[in-house]
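Trainee: Can you keep this structure in mind? I'll have questions shortly.
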Amino acid sequence: MATMILPSEVQRPSATRVCRFCGSKLERTFVDLGMSPLCESYPSASDLHRGEVYYPLHVYLCEQCFLVQLEEYETPQKIFGDYAYFSSYSDSWLKHAEKYCDQTTKRFRLSAESFVVEVASNDGYLLQYFVRQGVPVLGVEPAANVAKVAVERGVPTLVQFFNTKLAKELAAQGRCADLLIGNNVLAQVPDLNDFVEALKILLKPCGVLTLEFPHLLRLIERNEFDTIYHEHFSYFSMLSTVRILEAHGLKAFDLEELTTHGGSLRVFASRVEYQTREIEPSVARLIEEEKRAGLASTEGYAAFAQRVKETKLQLLDFLLTAARQGKSVAGYGAPGKSATLLHYCGIGKDLIEYTVDRNPYKQGRFLPGSHIPIYHPDRIRETKPDYVVILPWNLKNEIMGQLQFIREWGGRFVVPIPTVTVC
Ligand SMILES: [Zn+2]
């Protein structure tokens, strides 16, 4: 079911906005994307007459610690209570998970004596590969419907939010982790300091923590403004990540740059007191690159808002021209980020008739706010649209491969980000 929010339940923003890491006043705007509904609530046909609550998507830059952040407008319980995102519906994401499992098992010599914990473990898409290798695991996942799927596939999962209270309980039971995984969760944590402290508590003295999150440097460079949405409270550079880890007695010792989510970082960290692990040159190298891009001052953040506006104008130009020429336009995918893109640009079903998604949960429902209907992917073959707008542009190669058949009727793909491209 779609998440419904009563106005009385909405958390009021405090009179002064403060940085969720360092507590400094937030006064500088990074980008203001206007108002948008919660992006992972997909209304059903019976929800459509009820209306939806829109929240501001106004992103600030902390001028003290350079953490880019959104104010918290909704409680995480509301957002993640019945979460529609099932990781296992993307082939490339599963391959990514399997590769990660192979790499870390070898590098950190994980075995049947080790213990792997994943925070926000979703439907067990990642931990299932450790289970296959005989490594004991535990998932922590607050969305009950998603956690249920994990348990069914043999991944023990606690249906809970991860915080210092839970970390202390697990530590007291002797269940600290040799490998602790936080993939695409750090950005979604409202109480950042409590969460990172909890990670440290749950890490064995010699344990390794790996975190994956979209990389702010690439978000800025590649104009990925639609990856900004209410579920993502914070946007991290390596500079801000190192500072946050250090404040909690953790040190980054290695990193990898990934292509996932339009450019992500995988950061490897250990406890500060665990001295034997050397810090790889990759860490200093990336920090230097970020400094050169101006991310250690306000300078590197200044031009972003104007580029975002330019993309809106380009996309609207394209869609209005297509509409005037009587061309049909469909979407592909119903990812969370499509809500930001469509609302900021003011695009409704008059410009994109419908979209399709492989996830059966989303089929028959509607995109939040714009109410663009979501169908099974077969709809594209049936209606033969002139253009297919790829909303999850980060998976564009995979999607264009699956949809080559649109060439049969002269169909073309439209990739909206970083600049509107028709191919
Ligand atoms: Zn700050």
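Letters for chains follow the order of the structure tokens (A, B, ...), residue numbers begin at 1 for each chain, and ligand numbers begin at 1 in the order shown.
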Neighbours of ligand 1 within 7 Å, counting only C-alpha atoms and all ligand atoms, as a PyMOL selection string?

Mentor: chain A and resi 19-24+62-67

Trainee: Show me, as number ranges by chain, the residues that have an atom within 9 Å of Gly331 (chain A) when counting only C-alpha atoms, minus same-chain residues fewer than 2 positions from it.

Mentor: A: 329, 333-334, 352-356, 374, 387-391

Trainee: May I have the residues within 9 Å of Arg218 (chain A) as a JSON list (two decimals) with all heavy atoms, in the first residue's frame, using only C-alpha atoms and disregarding those fewer than 4 positions away in the same chain?

Mentor:
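So result16.json came out as:
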```json
[["chain", "number", "residue", "atom", "x", "y", "z"],
["A", 214, "PRO", "N", 26.52, 7.15, -2.99],
["A", 214, "PRO", "CA", 26.76, 8.00, -4.16],
["A", 214, "PRO", "C", 27.80, 9.07, -3.81],
["A", 214, "PRO", "O", 27.78, 9.62, -2.71],
["A", 214, "PRO", "CB", 25.39, 8.63, -4.42],
["A", 214, "PRO", "CG", 24.41, 7.72, -3.76],
["A", 214, "PRO", "CD", 25.11, 7.17, -2.56],
["A", 222, "ARG", "N", 28.60, 15.33, -12.89],
["A", 222, "ARG", "CA", 27.74, 14.70, -13.90],
["A", 222, "ARG", "C", 26.30, 15.19, -13.83],
["A", 222, "ARG", "O", 25.41, 14.58, -14.42],
["A", 222, "ARG", "CB", 27.80, 13.18, -13.74],
["A", 222, "ARG", "CG", 29.21, 12.66, -13.96],
["A", 222, "ARG", "CD", 29.31, 11.19, -13.62],
["A", 222, "ARG", "NE", 30.71, 10.77, -13.64],
["A", 222, "ARG", "CZ", 31.15, 9.61, -13.16],
["A", 222, "ARG", "NH1", 30.29, 8.77, -12.62],
["A", 222, "ARG", "NH2", 32.42, 9.30, -13.21],
["A", 223, "ASN", "N", 26.07, 16.22, -13.02],
["A", 223, "ASN", "CA", 24.76, 16.84, -13.01],
["A", 223, "ASN", "C", 23.63, 15.89, -12.59],
["A", 223, "ASN", "O", 22.52, 15.93, -13.11],
["A", 223, "ASN", "CB", 24.48, 17.38, -14.44],
["A", 223, "ASN", "CG", 23.31, 18.31, -14.48],
["A", 223, "ASN", "OD1", 23.04, 19.01, -13.51],
["A", 223, "ASN", "ND2", 22.60, 18.31, -15.59],
["A", 224, "GLU", "N", 23.91, 15.02, -11.64],
["A", 224, "GLU", "CA", 22.95, 13.96, -11.27],
["A", 224, "GLU", "C", 21.97, 14.47, -10.21],
["A", 224, "GLU", "O", 21.83, 13.88, -9.15],
["A", 224, "GLU", "CB", 23.71, 12.74, -10.76],
["A", 224, "GLU", "CG", 24.57, 12.13, -11.85],
["A", 224, "GLU", "CD", 25.63, 11.17, -11.32],
["A", 224, "GLU", "OE1", 25.84, 11.13, -10.09],
["A", 224, "GLU", "OE2", 26.24, 10.46, -12.14],
["A", 262, "GLY", "N", 25.34, 6.13, -10.73],
["A", 262, "GLY", "CA", 25.93, 7.28, -11.38],
["A", 262, "GLY", "C", 27.28, 7.71, -10.84],
["A", 262, "GLY", "O", 27.75, 8.80, -11.12],
["A", 263, "GLY", "N", 27.92, 6.83, -10.07],
["A", 263, "GLY", "CA", 29.25, 7.14, -9.51],
["A", 263, "GLY", "C", 29.20, 7.08, -8.00],
["A", 263, "GLY", "O", 28.75, 8.00, -7.34],
["A", 264, "SER", "N", 29.63, 5.95, -7.46],
["A", 264, "SER", "CA", 29.59, 5.76, -6.01],
["A", 264, "SER", "C", 30.99, 5.51, -5.47],
["A", 264, "SER", "O", 31.91, 5.21, -6.22],
["A", 264, "SER", "CB", 28.73, 4.55, -5.64],
["A", 264, "SER", "OG", 27.39, 4.76, -6.00]]
```

Trainee: Residues of region 248-333 of chain A within 10 Å of region 25-36 of chain A: nearest atom pair and distance (Å, one decimal) for each, counting only C-alpha atoms, sorted by chain and number, as a tab-separated table?

Mentor:
```
residue	atom	partner	partner_atom	distance
A:Thr298	CA	A:Arg28	CA	9.0
A:Tyr301	CA	A:Phe30	CA	6.6
A:Ala302	CA	A:Phe30	CA	7.2
A:Ala303	CA	A:Phe30	CA	9.1
A:Phe304	CA	A:Val31	CA	7.2
A:Ala305	CA	A:Val31	CA	5.1
A:Gln306	CA	A:Val31	CA	8.7
A:Val308	CA	A:Val31	CA	8.3
A:Lys309	CA	A:Leu33	CA	9.2
```

Trainee: Apply DSSP to the structure's backbone, then extract all residues of region 101-295 of chain A labelled strand (DSSP E) and return them as an NGL selection string.

Mentor: :A and (116-119 or 137-140 or 157-158 or 177-183 or 203-214 or 234-235 or 250-258 or 264-271)
